[in-house]
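Asker: Below you'll find the structure I mean.
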Amino acid sequence: MDKILRIDVGAQGGPKATVEPVGDYAGMGGRGMTTMVVYKEVPADCHPLGPENKLVISPGLMSGSAASSSGRLSVGCKSPLTGTIKESNAGGTAAQALGRLGYAAVILEGERQGDDMYKVFIDDQGVKIEKANELKMLPNYELIDKLKPVYGEKVSVISIGTAGEMRFSNSSIAVTDPEFRPTRHCGRGGVGAVMGSKGIKCIVVDASNTKMRQPANPEGFKEANRKFVEGLKQHAVTGQGLPTYGTNVLTNVLNEAGGYPTYNFREGRYKHHQSLSGELQAENMKNREGGQPTHGCHRGCAIQCSGIYTDKDGNYMTKQPEYETVWSHGGNCGIDDLDVVAKLDYLDDNYGVDTIEMGVTIGVAMEAGVIEFGDGEGAINLVHEVGKGTPLGRILGAGAATTARCYGLEHAPVVKGQAMPAYDPRAVKGIGVTYATTTQGADHTAGYAVATNILKVGGDVDPLKPEGQAELSRNLQVATAALDATGYCLFIAFAILDQPETFNAMVDSINQMYGLNMTGDDVVALGQKILKMEREFNKKAGFGPEHDRLPRYFSREPLAPHNVVFDVSNEELDSVYNF
Amino acid sequence: MPYTAPYPEPYDKTLDNLPLIVMEHDAPEWFGILLQGFDMPVPKPCTLREFLCELVGVCGVYTEKYLQTIFLNGKAIDDLDRAMIVPSSRLALSAAMPGLVGATMRRGGYYSRMREGISQSRENTTDSTEEQPFRLQVRLYNAVGRELAGLFLHQGVFVPSEYLLKFLKSQPPKFFDHLHKVVLNGTPLPVTSSSLDSWQLPQGDIALRVTAVQP
């Protein structure tokens, strides 16, 4: 991956493509690339939908190679939802395709001229950009149906739905999966709105005439990858739990812990959790015609945490909804029907919105009395309002914080304008520390269970000492930032957390791919570098420590059943960035 | 990990003198009835390790390696020898979970500090000197449920009779191919799916025991 494709959407006569060497960005991929480009090239005080903002699309360092579970695609920009720097990533097939074509990044930049929408086609022969007004305001699934006869099903598509075209702050960028469905989304932070502001409806990537990226040391790479896959397969979570149940296996456990936010974060348990459980979801997929409980979002993934969800008659409904989606539309809204959640997931993907932000927004709207808690049909109608851009839909499409403001509510479970995911920070306070302090707004993936115990970020940490939460969160954020640069899926985290030999195999696979001699310390240094750039960008954009806070009601209102509040001190929160 | 050790003798053979339904089944699909949770008899207060190892029969490697996520009364458990099973306790057993929260919830895990406030600490363990039998509420989740369901059903559980009927009516025909015998208080019941409506089950809780097919 030695080149960067820049598309100037403001060029005379329509968008123009320029391919340049990777230059100063050499060695960067995924979140490392998106962060560095935004940090260096985007004025921090710009409007996210203005001409100065850029949308950076970057496959991870290992994407396009034979490395297992390395198909993550990062998208970065200044976020319309949070006003901070943003990196949002997704699986699907596009990262592999871009990697195989040699692109380290695709950058959309400049000021859109007029109202035309464009499609971009990239293959081994070059780049073509065409006016595509016939695709205007098509939802993602209909867009794919239009593209299929033209390009076939072997290409990858990166696209926006109607929400992105209308530049809603909660709009995603879709990536097609191996079945050529637009089911994988860079969901968080409104990145779809930035693509919409550049007038690009879709990017079609055809890597069919290319081969897998070749490692610098093929034999060494093969051996490292073999050990890595072996580690993934032998671990209970990556080898059994995720393939069998998917991430929704967490529903019952979080509910049991009293940390399952319910009724817009009012309670920590949901009476009907069993109706939403991963166990039941897996049974549905196993027993219904056409259902598939074990499925990969891209080819070559050893974990296979996804699935295909069908209705009782065997008709495709959506991909297997993830835990966060089932929670946001299910328990958080008092909706106890998996099929309704599946329908909502499909609509979110189709219109192109983030399922977490959308579900939390509906929860806020329910608290405001727009519809009742538990009203599944009402929730479906609200997502249609967003997708069609009605006046109410435009409010909801702006996210949970805006919706709460419009209805005069304090209860907006957000940090830096972004909705909290499916873990109540009063019950799991360490997660609350991450929600508060991450550069991205409330985000559960900013601090993942990466092998910080092996990496020893900042030295040996005693997780049992009183100030351990901030220290743990810091180390997690550093390690996660580094992992986000590789293209490896975060779900490898458990295996590399528990099995040092699997962690070593992962680092070795990168070394053998690039002919490097990287150590754990280098991984830490990369993570710290990324976080420092993000922090610096945010500071210039007007975000200081006072923004690294949860809403005050989380410290005031106890959460049942444990009646706990978030009581981590501001001093401790501020210490997260002591590095 | 399939549970292969021999099942211990059930502690309570009469199961609290409730109406007792005994089924002979090839077993694998039985987890479903336990998804809703169930009660089971316990002779006297004991530690969680005593309960698992001595009463139920879950010991050794399975306990240490696979029972990675345990909640007692909603509190995350790190120490099996300190956690006490007492009257009105609610126990949930699960395998290791994905994600940071999964790592956080793990027994004695590196990130357990991140859940302070919902962990069972030394101070909030419950003790009881009442050496009376009682009912324990149990929840079995994910792979642990699938692997241990047979063991708990062998021990005998209490479930509302309406749950049992609802569960049986929702089963596919192949389920009944593996169901060989049903006896309610010593009286055989028909075992086809179409005969379920003729079952005269008493209302409220019943005792349920599932045994492997007798040779």
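Residues are named by chain letter and number: chains run A, B, ... in the order of the structure tokens, numbers start at 1 in each chain, and ligands are numbered from 1 in the order shown.
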Got a sec: who's within 9 Å of range 58-75 of chain B, counting only C-alpha atoms, leaving out chain neighbours fewer than 6 positions off, as an MDAnalysis selection string?
Answerer: (chainID A and resid 236 253 255:258 561:562) or (chainID B and resid 1 3 5 49 51:52 83:85 88:97 102 105:109 117:121 144 148 151)
Asker: Name the residues of range 30-67 of chain B that fall into helix (DSSP H, G or I) according to DSSP on the backbone, using the chain letters and numbers of this document, as a list in words.
Answerer: Trp30, Phe31, Gly32, Ile33, Leu34, Leu48, Arg49, Glu50, Phe51, Leu52, Cys53, Glu54, Leu55, Val56, Gly60, Val61, Tyr62, Thr63, Glu64, Lys65 and Tyr66 of chain B
Asker: Compare A:Ile303, A:Glu142, A:Trp327, A:Ala427 by their minimum atom-to-atom distance to Leu347 in chain A, counting only C-alpha atoms, and give me the closest one.
Answerer: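 Under the stated criterion, the closest residue is A:Glu142.
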Asker: Which distance in Å separates CA of Val524 in chain A and CA of Ala479 in chain A, to one decimal?
Answerer: 6.2 Å
Asker: Mind giving me the straight-line distance from CA of Cys186 in chain A to CA of Lys86 in chain A in Å, one decimal?
Answerer: 10.7 Å
Asker: Just want the 7 Å neighbourhood of range 289-299 of chain A, counted on only C-alpha atoms, with same-chain residues fewer than 2 positions away dropped. Output as a list in words.
Answerer: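 Residues meeting the cut-off are Gly71, Gly91, Gly92, Thr93, Asp177, Pro178, Pro243, Thr244, Ala282, Met285, Lys286, Asn287, Cys301, Gln304, Cys305, Ser306, Gly307, Ile308, Tyr309, Thr310 and Gly314 of chain A.
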Asker: Set the distance at 6 Å and use only C-alpha atoms: which residues neighbour Gly110 in chain A once local chain neighbours fewer than 3 positions away are removed? I'd like the list as an MDAnalysis selection string.
Answerer: chainID A and resid 8:10 51
Asker: For a quick check of understanding, using only C-alpha atoms, which of B:Leu196, B:Val86, B:Ala143, B:Val182 has the smallest distance to Leu165 in chain B?
Answerer: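 Nearest to Leu165 in chain B: B:Leu196.
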Asker: Which parts of range 5-234 of chain A does DSSP call strand (DSSP E or B) when run on the backbone here, written out as a PDB file with N, CA, C and O atoms, in the first residue's frame?
Answerer:
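Result file is part_10.pdb:
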```
ATOM      1  N   LEU A   5      -4.936   8.058  -2.879  1.00  0.00           N
ATOM      2  CA  LEU A   5      -5.832   8.618  -3.893  1.00  0.00           C
ATOM      3  C   LEU A   5      -6.536   9.825  -3.285  1.00  0.00           C
ATOM      4  O   LEU A   5      -7.211   9.710  -2.279  1.00  0.00           O
ATOM      5  N   ARG A   6      -6.326  10.972  -3.910  1.00  0.00           N
ATOM      6  CA  ARG A   6      -7.022  12.178  -3.460  1.00  0.00           C
ATOM      7  C   ARG A   6      -8.089  12.531  -4.492  1.00  0.00           C
ATOM      8  O   ARG A   6      -7.807  12.539  -5.696  1.00  0.00           O
ATOM      9  N   ILE A   7      -9.290  12.823  -4.004  1.00  0.00           N
ATOM     10  CA  ILE A   7     -10.358  13.244  -4.909  1.00  0.00           C
ATOM     11  C   ILE A   7     -10.774  14.652  -4.509  1.00  0.00           C
ATOM     12  O   ILE A   7     -11.322  14.864  -3.420  1.00  0.00           O
ATOM     13  N   ASP A   8     -10.462  15.596  -5.387  1.00  0.00           N
ATOM     14  CA  ASP A   8     -10.821  16.997  -5.151  1.00  0.00           C
ATOM     15  C   ASP A   8     -12.226  17.209  -5.697  1.00  0.00           C
ATOM     16  O   ASP A   8     -12.423  17.288  -6.916  1.00  0.00           O
ATOM     17  N   LYS A  16     -11.987  15.534  -9.403  1.00  0.00           N
ATOM     18  CA  LYS A  16     -10.785  15.042 -10.099  1.00  0.00           C
ATOM     19  C   LYS A  16      -9.966  14.164  -9.155  1.00  0.00           C
ATOM     20  O   LYS A  16      -9.809  14.485  -7.982  1.00  0.00           O
ATOM     21  N   ALA A  17      -9.458  13.080  -9.720  1.00  0.00           N
ATOM     22  CA  ALA A  17      -8.663  12.151  -8.917  1.00  0.00           C
ATOM     23  C   ALA A  17      -7.177  12.358  -9.173  1.00  0.00           C
ATOM     24  O   ALA A  17      -6.757  12.567 -10.307  1.00  0.00           O
ATOM     25  N   THR A  18      -6.409  12.313  -8.098  1.00  0.00           N
ATOM     26  CA  THR A  18      -4.949  12.369  -8.218  1.00  0.00           C
ATOM     27  C   THR A  18      -4.363  11.257  -7.353  1.00  0.00           C
ATOM     28  O   THR A  18      -4.766  11.102  -6.204  1.00  0.00           O
ATOM     29  N   VAL A  19      -3.436  10.512  -7.938  1.00  0.00           N
ATOM     30  CA  VAL A  19      -2.774   9.478  -7.148  1.00  0.00           C
ATOM     31  C   VAL A  19      -1.360   9.943  -6.848  1.00  0.00           C
ATOM     32  O   VAL A  19      -0.655  10.424  -7.734  1.00  0.00           O
ATOM     33  N   GLU A  20      -0.984   9.850  -5.573  1.00  0.00           N
ATOM     34  CA  GLU A  20       0.348  10.303  -5.175  1.00  0.00           C
ATOM     35  C   GLU A  20       1.006   9.253  -4.285  1.00  0.00           C
ATOM     36  O   GLU A  20       0.306   8.418  -3.690  1.00  0.00           O
ATOM     37  N   PRO A  21       2.307   9.291  -4.170  1.00  0.00           N
ATOM     38  CA  PRO A  21       2.981   8.341  -3.263  1.00  0.00           C
ATOM     39  C   PRO A  21       2.561   8.595  -1.816  1.00  0.00           C
ATOM     40  O   PRO A  21       2.177   9.713  -1.469  1.00  0.00           O
ATOM     41  N   LEU A  55     -12.569  13.754   4.295  1.00  0.00           N
ATOM     42  CA  LEU A  55     -12.953  12.397   4.682  1.00  0.00           C
ATOM     43  C   LEU A  55     -11.832  11.463   4.244  1.00  0.00           C
ATOM     44  O   LEU A  55     -11.516  11.378   3.058  1.00  0.00           O
ATOM     45  N   VAL A  56     -11.252  10.792   5.227  1.00  0.00           N
ATOM     46  CA  VAL A  56     -10.118   9.902   4.949  1.00  0.00           C
ATOM     47  C   VAL A  56     -10.572   8.457   5.133  1.00  0.00           C
ATOM     48  O   VAL A  56     -11.096   8.089   6.186  1.00  0.00           O
ATOM     49  N   ILE A  57     -10.398   7.666   4.097  1.00  0.00           N
ATOM     50  CA  ILE A  57     -10.795   6.255   4.134  1.00  0.00           C
ATOM     51  C   ILE A  57      -9.518   5.432   4.027  1.00  0.00           C
ATOM     52  O   ILE A  57      -8.758   5.586   3.069  1.00  0.00           O
ATOM     53  N   SER A  58      -9.292   4.566   5.014  1.00  0.00           N
ATOM     54  CA  SER A  58      -8.003   3.871   5.013  1.00  0.00           C
ATOM     55  C   SER A  58      -8.122   2.427   5.496  1.00  0.00           C
ATOM     56  O   SER A  58      -8.628   2.173   6.585  1.00  0.00           O
ATOM     57  N   PRO A  59      -7.630   1.485   4.672  1.00  0.00           N
ATOM     58  CA  PRO A  59      -7.554   0.101   5.166  1.00  0.00           C
ATOM     59  C   PRO A  59      -6.446  -0.011   6.202  1.00  0.00           C
ATOM     60  O   PRO A  59      -5.503   0.778   6.209  1.00  0.00           O
ATOM     61  N   LEU A  73     -11.875  -1.415   7.967  1.00  0.00           N
ATOM     62  CA  LEU A  73     -11.701  -0.186   7.196  1.00  0.00           C
ATOM     63  C   LEU A  73     -11.956   0.994   8.119  1.00  0.00           C
ATOM     64  O   LEU A  73     -13.008   1.066   8.760  1.00  0.00           O
ATOM     65  N   SER A  74     -11.021   1.912   8.196  1.00  0.00           N
ATOM     66  CA  SER A  74     -11.189   3.099   9.032  1.00  0.00           C
ATOM     67  C   SER A  74     -11.618   4.290   8.193  1.00  0.00           C
ATOM     68  O   SER A  74     -11.165   4.455   7.056  1.00  0.00           O
ATOM     69  N   VAL A  75     -12.480   5.109   8.777  1.00  0.00           N
ATOM     70  CA  VAL A  75     -12.884   6.366   8.148  1.00  0.00           C
ATOM     71  C   VAL A  75     -12.668   7.466   9.172  1.00  0.00           C
ATOM     72  O   VAL A  75     -13.053   7.312  10.334  1.00  0.00           O
ATOM     73  N   GLY A  76     -12.038   8.540   8.772  1.00  0.00           N
ATOM     74  CA  GLY A  76     -11.757   9.622   9.715  1.00  0.00           C
ATOM     75  C   GLY A  76     -12.100  10.989   9.160  1.00  0.00           C
ATOM     76  O   GLY A  76     -12.111  11.192   7.938  1.00  0.00           O
ATOM     77  N   CYS A  77     -12.383  11.935  10.062  1.00  0.00           N
ATOM     78  CA  CYS A  77     -12.726  13.311   9.680  1.00  0.00           C
ATOM     79  C   CYS A  77     -12.922  14.105  10.965  1.00  0.00           C
ATOM     80  O   CYS A  77     -12.750  13.569  12.051  1.00  0.00           O
ATOM     81  N   LYS A  78     -13.289  15.356  10.846  1.00  0.00           N
ATOM     82  CA  LYS A  78     -13.836  16.063  12.003  1.00  0.00           C
ATOM     83  C   LYS A  78     -15.313  15.703  12.058  1.00  0.00           C
ATOM     84  O   LYS A  78     -16.018  15.811  11.054  1.00  0.00           O
ATOM     85  N   ILE A  85     -12.201  15.111  16.631  1.00  0.00           N
ATOM     86  CA  ILE A  85     -11.679  14.214  15.608  1.00  0.00           C
ATOM     87  C   ILE A  85     -12.466  12.911  15.689  1.00  0.00           C
ATOM     88  O   ILE A  85     -13.006  12.562  16.747  1.00  0.00           O
ATOM     89  N   LYS A  86     -12.557  12.204  14.575  1.00  0.00           N
ATOM     90  CA  LYS A  86     -13.346  10.969  14.582  1.00  0.00           C
ATOM     91  C   LYS A  86     -12.655   9.903  13.758  1.00  0.00           C
ATOM     92  O   LYS A  86     -12.162  10.168  12.672  1.00  0.00           O
ATOM     93  N   GLU A  87     -12.624   8.706  14.319  1.00  0.00           N
ATOM     94  CA  GLU A  87     -12.281   7.507  13.537  1.00  0.00           C
ATOM     95  C   GLU A  87     -13.389   6.514  13.788  1.00  0.00           C
ATOM     96  O   GLU A  87     -13.767   6.238  14.930  1.00  0.00           O
ATOM     97  N   SER A  88     -13.958   6.026  12.701  1.00  0.00           N
ATOM     98  CA  SER A  88     -15.030   5.051  12.804  1.00  0.00           C
ATOM     99  C   SER A  88     -14.649   3.901  11.884  1.00  0.00           C
ATOM    100  O   SER A  88     -14.198   4.141  10.768  1.00  0.00           O
ATOM    101  N   ASN A  89     -14.800   2.665  12.344  1.00  0.00           N
ATOM    102  CA  ASN A  89     -14.373   1.584  11.450  1.00  0.00           C
ATOM    103  C   ASN A  89     -15.412   0.499  11.299  1.00  0.00           C
ATOM    104  O   ASN A  89     -16.336   0.386  12.092  1.00  0.00           O
ATOM    105  N   ALA A  90     -15.246  -0.273  10.228  1.00  0.00           N
ATOM    106  CA  ALA A  90     -16.208  -1.320   9.896  1.00  0.00           C
ATOM    107  C   ALA A  90     -15.481  -2.493   9.261  1.00  0.00           C
ATOM    108  O   ALA A  90     -14.366  -2.352   8.748  1.00  0.00           O
ATOM    109  N   TYR A 103      -3.838   0.958  -2.270  1.00  0.00           N
ATOM    110  CA  TYR A 103      -4.170   2.277  -1.716  1.00  0.00           C
ATOM    111  C   TYR A 103      -4.092   2.265  -0.183  1.00  0.00           C
ATOM    112  O   TYR A 103      -4.799   1.512   0.479  1.00  0.00           O
ATOM    113  N   ALA A 104      -3.250   3.119   0.341  1.00  0.00           N
ATOM    114  CA  ALA A 104      -3.168   3.283   1.795  1.00  0.00           C
ATOM    115  C   ALA A 104      -4.277   4.201   2.282  1.00  0.00           C
ATOM    116  O   ALA A 104      -4.650   4.159   3.455  1.00  0.00           O
ATOM    117  N   ALA A 105      -4.783   5.041   1.389  1.00  0.00           N
ATOM    118  CA  ALA A 105      -5.886   5.930   1.781  1.00  0.00           C
ATOM    119  C   ALA A 105      -6.578   6.488   0.540  1.00  0.00           C
ATOM    120  O   ALA A 105      -5.967   6.623  -0.523  1.00  0.00           O
ATOM    121  N   VAL A 106      -7.851   6.782   0.708  1.00  0.00           N
ATOM    122  CA  VAL A 106      -8.615   7.571  -0.262  1.00  0.00           C
ATOM    123  C   VAL A 106      -9.085   8.802   0.503  1.00  0.00           C
ATOM    124  O   VAL A 106      -9.698   8.673   1.570  1.00  0.00           O
ATOM    125  N   ILE A 107      -8.766   9.971  -0.028  1.00  0.00           N
ATOM    126  CA  ILE A 107      -9.107  11.201   0.694  1.00  0.00           C
ATOM    127  C   ILE A 107     -10.062  12.037  -0.158  1.00  0.00           C
ATOM    128  O   ILE A 107      -9.741  12.410  -1.289  1.00  0.00           O
ATOM    129  N   LEU A 108     -11.241  12.305   0.393  1.00  0.00           N
ATOM    130  CA  LEU A 108     -12.200  13.198  -0.271  1.00  0.00           C
ATOM    131  C   LEU A 108     -12.001  14.587   0.309  1.00  0.00           C
ATOM    132  O   LEU A 108     -12.086  14.769   1.528  1.00  0.00           O
ATOM    133  N   GLU A 109     -11.744  15.569  -0.567  1.00  0.00           N
ATOM    134  CA  GLU A 109     -11.428  16.908  -0.061  1.00  0.00           C
ATOM    135  C   GLU A 109     -11.968  17.979  -1.003  1.00  0.00           C
ATOM    136  O   GLU A 109     -12.370  17.701  -2.132  1.00  0.00           O
ATOM    137  N   TYR A 118     -22.007  12.057  -7.210  1.00  0.00           N
ATOM    138  CA  TYR A 118     -21.048  11.326  -8.048  1.00  0.00           C
ATOM    139  C   TYR A 118     -20.796   9.918  -7.501  1.00  0.00           C
ATOM    140  O   TYR A 118     -20.962   9.670  -6.308  1.00  0.00           O
ATOM    141  N   LYS A 119     -20.403   9.037  -8.427  1.00  0.00           N
ATOM    142  CA  LYS A 119     -19.905   7.733  -7.993  1.00  0.00           C
ATOM    143  C   LYS A 119     -18.463   7.596  -8.474  1.00  0.00           C
ATOM    144  O   LYS A 119     -18.098   8.100  -9.554  1.00  0.00           O
ATOM    145  N   VAL A 120     -17.691   6.935  -7.669  1.00  0.00           N
ATOM    146  CA  VAL A 120     -16.265   6.730  -7.953  1.00  0.00           C
ATOM    147  C   VAL A 120     -16.051   5.248  -8.216  1.00  0.00           C
ATOM    148  O   VAL A 120     -16.579   4.406  -7.479  1.00  0.00           O
ATOM    149  N   PHE A 121     -15.317   4.929  -9.255  1.00  0.00           N
ATOM    150  CA  PHE A 121     -14.992   3.530  -9.548  1.00  0.00           C
ATOM    151  C   PHE A 121     -13.474   3.366  -9.531  1.00  0.00           C
ATOM    152  O   PHE A 121     -12.751   4.087 -10.225  1.00  0.00           O
ATOM    153  N   ILE A 122     -12.997   2.439  -8.734  1.00  0.00           N
ATOM    154  CA  ILE A 122     -11.549   2.213  -8.618  1.00  0.00           C
ATOM    155  C   ILE A 122     -11.250   0.761  -8.980  1.00  0.00           C
ATOM    156  O   ILE A 122     -11.859  -0.154  -8.424  1.00  0.00           O
ATOM    157  N   ASP A 123     -10.335   0.561  -9.918  1.00  0.00           N
ATOM    158  CA  ASP A 123      -9.849  -0.799 -10.174  1.00  0.00           C
ATOM    159  C   ASP A 123      -8.346  -0.745 -10.480  1.00  0.00           C
ATOM    160  O   ASP A 123      -7.705   0.292 -10.262  1.00  0.00           O
ATOM    161  N   GLY A 126      -7.160   2.149 -12.763  1.00  0.00           N
ATOM    162  CA  GLY A 126      -7.203   3.552 -12.359  1.00  0.00           C
ATOM    163  C   GLY A 126      -8.503   3.927 -11.689  1.00  0.00           C
ATOM    164  O   GLY A 126      -9.167   3.080 -11.071  1.00  0.00           O
ATOM    165  N   VAL A 127      -8.871   5.203 -11.859  1.00  0.00           N
ATOM    166  CA  VAL A 127     -10.033   5.739 -11.147  1.00  0.00           C
ATOM    167  C   VAL A 127     -10.940   6.464 -12.130  1.00  0.00           C
ATOM    168  O   VAL A 127     -10.464   7.238 -12.965  1.00  0.00           O
ATOM    169  N   LYS A 128     -12.244   6.178 -12.061  1.00  0.00           N
ATOM    170  CA  LYS A 128     -13.210   6.909 -12.883  1.00  0.00           C
ATOM    171  C   LYS A 128     -14.242   7.541 -11.958  1.00  0.00           C
ATOM    172  O   LYS A 128     -14.719   6.891 -11.014  1.00  0.00           O
ATOM    173  N   ILE A 129     -14.582   8.780 -12.279  1.00  0.00           N
ATOM    174  CA  ILE A 129     -15.608   9.455 -11.477  1.00  0.00           C
ATOM    175  C   ILE A 129     -16.711   9.916 -12.418  1.00  0.00           C
ATOM    176  O   ILE A 129     -16.444  10.599 -13.426  1.00  0.00           O
ATOM    177  N   GLU A 130     -17.931   9.527 -12.107  1.00  0.00           N
ATOM    178  CA  GLU A 130     -19.068   9.864 -12.984  1.00  0.00           C
ATOM    179  C   GLU A 130     -20.185  10.499 -12.184  1.00  0.00           C
ATOM    180  O   GLU A 130     -20.388  10.151 -11.018  1.00  0.00           O
ATOM    181  N   LYS A 131     -20.898  11.382 -12.876  1.00  0.00           N
ATOM    182  CA  LYS A 131     -22.105  11.953 -12.293  1.00  0.00           C
ATOM    183  C   LYS A 131     -23.095  10.810 -12.100  1.00  0.00           C
ATOM    184  O   LYS A 131     -23.213   9.927 -12.964  1.00  0.00           O
ATOM    185  N   SER A 156     -16.573  -4.327  -4.197  1.00  0.00           N
ATOM    186  CA  SER A 156     -16.925  -3.813  -2.873  1.00  0.00           C
ATOM    187  C   SER A 156     -17.469  -2.405  -3.052  1.00  0.00           C
ATOM    188  O   SER A 156     -16.991  -1.666  -3.921  1.00  0.00           O
ATOM    189  N   VAL A 157     -18.451  -2.063  -2.227  1.00  0.00           N
ATOM    190  CA  VAL A 157     -19.024  -0.724  -2.332  1.00  0.00           C
ATOM    191  C   VAL A 157     -18.988  -0.032  -0.975  1.00  0.00           C
ATOM    192  O   VAL A 157     -19.352  -0.616   0.049  1.00  0.00           O
ATOM    193  N   ILE A 158     -18.535   1.216  -1.004  1.00  0.00           N
ATOM    194  CA  ILE A 158     -18.548   2.090   0.176  1.00  0.00           C
ATOM    195  C   ILE A 158     -19.576   3.169  -0.151  1.00  0.00           C
ATOM    196  O   ILE A 158     -19.434   3.864  -1.163  1.00  0.00           O
ATOM    197  N   SER A 159     -20.620   3.305   0.666  1.00  0.00           N
ATOM    198  CA  SER A 159     -21.715   4.190   0.231  1.00  0.00           C
ATOM    199  C   SER A 159     -22.400   4.886   1.393  1.00  0.00           C
ATOM    200  O   SER A 159     -22.205   4.530   2.561  1.00  0.00           O
ATOM    201  N   ILE A 173     -21.428   5.328   7.092  1.00  0.00           N
ATOM    202  CA  ILE A 173     -20.923   4.927   5.774  1.00  0.00           C
ATOM    203  C   ILE A 173     -20.977   3.409   5.714  1.00  0.00           C
ATOM    204  O   ILE A 173     -20.429   2.720   6.583  1.00  0.00           O
ATOM    205  N   ALA A 174     -21.680   2.901   4.701  1.00  0.00           N
ATOM    206  CA  ALA A 174     -21.883   1.452   4.588  1.00  0.00           C
ATOM    207  C   ALA A 174     -20.768   0.813   3.770  1.00  0.00           C
ATOM    208  O   ALA A 174     -20.212   1.434   2.859  1.00  0.00           O
ATOM    209  N   VAL A 175     -20.477  -0.429   4.110  1.00  0.00           N
ATOM    210  CA  VAL A 175     -19.516  -1.245   3.360  1.00  0.00           C
ATOM    211  C   VAL A 175     -20.179  -2.583   3.068  1.00  0.00           C
ATOM    212  O   VAL A 175     -20.828  -3.162   3.961  1.00  0.00           O
ATOM    213  N   ARG A 184     -22.270  -3.583   6.705  1.00  0.00           N
ATOM    214  CA  ARG A 184     -21.195  -3.216   7.646  1.00  0.00           C
ATOM    215  C   ARG A 184     -21.063  -1.709   7.632  1.00  0.00           C
ATOM    216  O   ARG A 184     -20.940  -1.124   6.547  1.00  0.00           O
ATOM    217  N   HIS A 185     -21.058  -1.099   8.795  1.00  0.00           N
ATOM    218  CA  HIS A 185     -21.131   0.364   8.817  1.00  0.00           C
ATOM    219  C   HIS A 185     -20.070   1.003   9.704  1.00  0.00           C
ATOM    220  O   HIS A 185     -19.864   0.571  10.840  1.00  0.00           O
ATOM    221  N   CYS A 186     -19.427   2.021   9.132  1.00  0.00           N
ATOM    222  CA  CYS A 186     -18.677   2.949   9.971  1.00  0.00           C
ATOM    223  C   CYS A 186     -19.763   3.828  10.573  1.00  0.00           C
ATOM    224  O   CYS A 186     -20.236   4.782   9.925  1.00  0.00           O
ATOM    225  N   ILE A 200     -20.314  12.715  -2.812  1.00  0.00           N
ATOM    226  CA  ILE A 200     -19.950  11.372  -3.297  1.00  0.00           C
ATOM    227  C   ILE A 200     -20.961  10.371  -2.726  1.00  0.00           C
ATOM    228  O   ILE A 200     -21.041  10.186  -1.513  1.00  0.00           O
ATOM    229  N   LYS A 201     -21.711   9.741  -3.611  1.00  0.00           N
ATOM    230  CA  LYS A 201     -22.725   8.770  -3.163  1.00  0.00           C
ATOM    231  C   LYS A 201     -22.091   7.420  -2.852  1.00  0.00           C
ATOM    232  O   LYS A 201     -22.471   6.762  -1.884  1.00  0.00           O
ATOM    233  N   CYS A 202     -21.157   7.001  -3.701  1.00  0.00           N
ATOM    234  CA  CYS A 202     -20.581   5.679  -3.464  1.00  0.00           C
ATOM    235  C   CYS A 202     -19.206   5.559  -4.126  1.00  0.00           C
ATOM    236  O   CYS A 202     -18.898   6.271  -5.083  1.00  0.00           O
ATOM    237  N   ILE A 203     -18.432   4.665  -3.566  1.00  0.00           N
ATOM    238  CA  ILE A 203     -17.128   4.308  -4.140  1.00  0.00           C
ATOM    239  C   ILE A 203     -17.170   2.814  -4.413  1.00  0.00           C
ATOM    240  O   ILE A 203     -17.361   2.017  -3.487  1.00  0.00           O
ATOM    241  N   VAL A 204     -17.025   2.455  -5.672  1.00  0.00           N
ATOM    242  CA  VAL A 204     -17.042   1.036  -6.060  1.00  0.00           C
ATOM    243  C   VAL A 204     -15.594   0.595  -6.242  1.00  0.00           C
ATOM    244  O   VAL A 204     -14.836   1.233  -6.988  1.00  0.00           O
ATOM    245  N   VAL A 205     -15.217  -0.453  -5.565  1.00  0.00           N
ATOM    246  CA  VAL A 205     -13.822  -0.906  -5.611  1.00  0.00           C
ATOM    247  C   VAL A 205     -13.777  -2.308  -6.211  1.00  0.00           C
ATOM    248  O   VAL A 205     -14.388  -3.236  -5.686  1.00  0.00           O
TER     249      VAL A 205
END
```
Asker: Identify which of the residues A:Met420, A:Ala412, A:Met513, A:Leu280 lies closest to chain B, counting only C-alpha atoms when measuring atom-to-atom distances.
Answerer: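 Among the listed residues, the smallest separation from chain B belongs to A:Leu280.
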Asker: One decimal, Å: what's the distance from CA of Lys211 in chain A over to CA of Leu143 in chain A, could you say?
Answerer: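 Going from CA of Lys211 in chain A over to CA of Leu143 in chain A covers 27.6 Å.
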Asker: Write out as a list in words which residues come within 7 Å of Gly259 in chain A when counting only C-alpha atoms, dropping same-chain ones fewer than 6 positions away.
Answerer: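 Residues near the query, excluding close chain neighbours: Gly268, Arg269, Tyr423, Asp424, Ala427 and Val428 of chain A.
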Asker: Would you mind telling me which residue in B:Leu18, B:Met40, B:Leu55, B:Ala103 lies nearest to chain A when using only C-alpha atoms?
Answerer: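 Going through B:Leu18, B:Met40, B:Leu55, B:Ala103 one by one, the smallest distance to chain A is for B:Ala103.
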